[in-house]
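Undergrad: If you scroll down you'll find the structure; I have some questions about it.
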Amino acid sequence: MPKRHPRPETLALHPRTGSAPQRGPVATPIYQSATFRFLNSDMDQDRPVSEVLGDRFYTRYGNPTNSAAESFLAELEGGEAALVFSSGMAAITSAILSAVRAGDHVLAQRELYGGAFDFLIRWLPRFGVAVSFVPVADPAEFAAAIRPTTRLLYLESPSNPTLQVAALAELTAMARRRGILTFVDNTAASPINQRPLELGADLVVHSASKYLAGHSDVVAGAAIGSRALIDALRDERTVLGGCLDPHAAWLLLRGIKTLGVRMDRHNQNALELARFLEGHPRVRRVHYPFLESHPQYALARAQMRGGGGLLSLELRGKGGEARRFVESLKLFAQAPSLGGVESLVTIPASTSHAQLSQVERQEAGISDNLVRLSVGLEHIDDLTADIEHALRAAVEEVVS
Ligand SMILES: *Cc1c(COP(=O)(O)O)cnc(C)c1O
């Protein structure tokens, strides 16, 4: 009989450690210790003692609770190994720095999380690394933008906040043929909805603060990939210092266990709300990958299992409607971040993408009237009623 591979929902609960059953706690203990005792004999090896001891040396190098979270994440994304970080940005910046040297070029999609865009456009050039951007909707433009010095292709799909979809299999294959690494930010999809490593990516990065942890109570990051890439990246984490606190790693582990059921409900609620909004006379446009009207609907259906919990909408009107809408919502709390159990709303132009210039925002399709919803796990009827009420309060009657 062929060996069955467990589904991601199961792997979120049982990483395949390969070891025989042992007595012990079902939940992973929190090793809330900065440092670990070692013996004289540990120093008599031909390797540094930090390598001999691995995740039981000093918590900036590793920690057993963090290692447990890392093995769950590796399984979930279908990678050989993983690392957890103190934040998504620590994972992203450390991963990019591990891949490039002065003189290299990074090619990235134009529609990116504000922090990642900021790092690429304003920080990398300080270290002699060139960066250029291409709109993700046009895969052919990427090949044309490759330079002899291109070392890394950096993607995010679906993108935050306009939910554009990157042609992952096509773009990773294009990069691989030229010996270029591809990193994909899989935060918005989560490994339940999309597994970029299976589509050819070399490394997946996450803001684990979002769906992976899922309860808006921890800031964390992760990177998953081949053992070789992860081993190289471990040095970056140790030197740059973006290590996760073990208690936060434990909260992340606890969150991951319910990822499968949470994503099912996020997917359902967001799709239903996207359809409702799309038919609403006070809404100009809805961005959601699993709406038939999405320009990359077929691509999204081919590479994603669900559309995710994130959607954005443009309100009708002359301006100011977004602020009134957000203020009138009762269930959706106005707060940055996404991917938690409770619904949140933001105006990206003044939160996640505030550090971009007006022109940069325009190029990324982020108008001042764009509202981003992170659809939570509440009952859909209550969410719909809240949105309907706020639309009435914010947008004047449309006579058409
Ligand atoms: C939030 C977010 C990040 C940054 O993660 P932090 O955990 O806040 O550092 C990166 N990418 C995406 C897509 C995000 O939504």
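Residues in the structure tokens are named by chain (A, B, ... in the order shown) and by number from 1 within that chain; ligands are numbered from 1 in the order shown.
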Among range 96-297 of chain A, which residues carry a DSSP assignment of strand (DSSP E), reported as a PyMOL selection string?
TA: chain A and resi 105-109+130-134+150-156+181-185+203-207+221-225+283-287
Undergrad: Could you list, as number ranges by chain, all the residues within 7 Å of ligand 1, counting only C-alpha atoms and all ligand atoms?
TA: A: 87-90, 113, 115-116, 156, 159-160, 185, 187-188, 206-210, 219-221, 337-338
Undergrad: Can you tell me which residues surround Leu181 in chain A at a distance of at most 9 Å, considering only C-alpha atoms, apart from same-chain residues fewer than 6 positions away, and format the answer as a list of chain:residue names?
TA: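 The residues that qualify are A:Ala99, A:Arg151, A:Leu152, A:Leu153, A:Tyr154, A:Thr172, A:Ala175, A:Ala201, A:Asp202, A:Leu203.
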Undergrad: Could you save the residues just selected, with all heavy atoms, as a compact mmCIF listing (two decimals), in the first residue's frame?
TA:
# COMPACT_ATOMS: atom_id res chain seq x y z
N ALA A 99 20.90 36.08 1.95
CA ALA A 99 20.96 35.66 0.54
C ALA A 99 21.78 36.60 -0.34
O ALA A 99 22.15 36.22 -1.45
CB ALA A 99 19.53 35.55 -0.02
N ARG A 151 20.14 37.94 -7.71
CA ARG A 151 20.44 36.81 -6.83
C ARG A 151 19.16 36.27 -6.19
O ARG A 151 19.07 35.11 -5.83
CB ARG A 151 21.41 37.33 -5.74
CG ARG A 151 21.76 36.36 -4.67
CD ARG A 151 22.86 35.42 -5.11
NE ARG A 151 23.06 34.41 -4.08
CZ ARG A 151 22.84 33.10 -4.24
NH1 ARG A 151 22.46 32.64 -5.40
NH2 ARG A 151 23.03 32.26 -3.25
N LEU A 152 18.16 37.18 -6.04
CA LEU A 152 16.97 36.82 -5.27
C LEU A 152 15.71 37.39 -5.91
O LEU A 152 15.69 38.56 -6.30
CB LEU A 152 17.12 37.37 -3.84
CG LEU A 152 15.91 37.21 -2.90
CD1 LEU A 152 15.66 35.74 -2.58
CD2 LEU A 152 16.14 38.00 -1.60
N LEU A 153 14.68 36.55 -5.97
CA LEU A 153 13.34 37.00 -6.37
C LEU A 153 12.49 36.97 -5.10
O LEU A 153 12.39 35.93 -4.44
CB LEU A 153 12.79 36.05 -7.43
CG LEU A 153 11.33 36.25 -7.86
CD1 LEU A 153 11.13 37.61 -8.49
CD2 LEU A 153 10.92 35.15 -8.85
N TYR A 154 11.88 38.11 -4.77
CA TYR A 154 11.11 38.19 -3.52
C TYR A 154 9.64 38.44 -3.83
O TYR A 154 9.28 39.44 -4.46
CB TYR A 154 11.67 39.31 -2.63
CG TYR A 154 11.01 39.32 -1.27
CD1 TYR A 154 11.43 38.47 -0.26
CD2 TYR A 154 9.92 40.16 -1.03
CE1 TYR A 154 10.80 38.45 0.97
CE2 TYR A 154 9.28 40.14 0.20
CZ TYR A 154 9.73 39.28 1.19
OH TYR A 154 9.10 39.26 2.40
N THR A 172 8.78 30.90 -9.95
CA THR A 172 9.88 30.17 -9.31
C THR A 172 10.65 29.35 -10.35
O THR A 172 11.88 29.26 -10.27
CB THR A 172 9.38 29.22 -8.20
OG1 THR A 172 8.43 28.31 -8.76
CG2 THR A 172 8.73 29.98 -7.05
N ALA A 175 12.96 31.67 -12.21
CA ALA A 175 14.12 32.03 -11.39
C ALA A 175 15.10 30.86 -11.29
O ALA A 175 16.32 31.03 -11.44
CB ALA A 175 13.66 32.47 -10.00
N ALA A 201 9.25 27.38 -4.59
CA ALA A 201 9.97 28.40 -3.82
C ALA A 201 11.11 27.76 -3.03
O ALA A 201 11.06 26.58 -2.68
CB ALA A 201 9.01 29.11 -2.86
N ASP A 202 12.17 28.55 -2.78
CA ASP A 202 13.29 28.04 -1.98
C ASP A 202 13.09 28.29 -0.50
O ASP A 202 13.53 27.49 0.32
CB ASP A 202 14.59 28.74 -2.44
CG ASP A 202 14.93 28.36 -3.86
OD1 ASP A 202 15.34 27.21 -4.08
OD2 ASP A 202 14.76 29.21 -4.77
N LEU A 203 12.44 29.39 -0.18
CA LEU A 203 12.23 29.72 1.24
C LEU A 203 10.86 30.38 1.39
O LEU A 203 10.47 31.21 0.57
CB LEU A 203 13.32 30.68 1.73
CG LEU A 203 13.44 30.83 3.25
CD1 LEU A 203 14.24 29.67 3.83
CD2 LEU A 203 14.12 32.14 3.63
Undergrad: Quote the spacing between CA of Leu370 in chain A and CA of His280 in chain A in Å to one decimal place.
TA: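 Atom-to-atom, CA of Leu370 in chain A and CA of His280 in chain A are spaced 15.5 Å apart.
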Undergrad: Sorted by chain and rising residue number, list the residues of range 216-255 of chain A at most 6 Å from range 48-67 of chain A (counting only C-alpha atoms), each with its closest atom pair and distance in Å to one decimal, as a tab-separated table.
TA:
residue	atom	partner	partner_atom	distance
A:Thr238	CA	A:Tyr61	CA	5.5
A:Cys243	CA	A:Arg60	CA	5.4
A:Pro246	CA	A:Thr65	CA	5.8
A:Ala249	CA	A:Asn66	CA	5.4
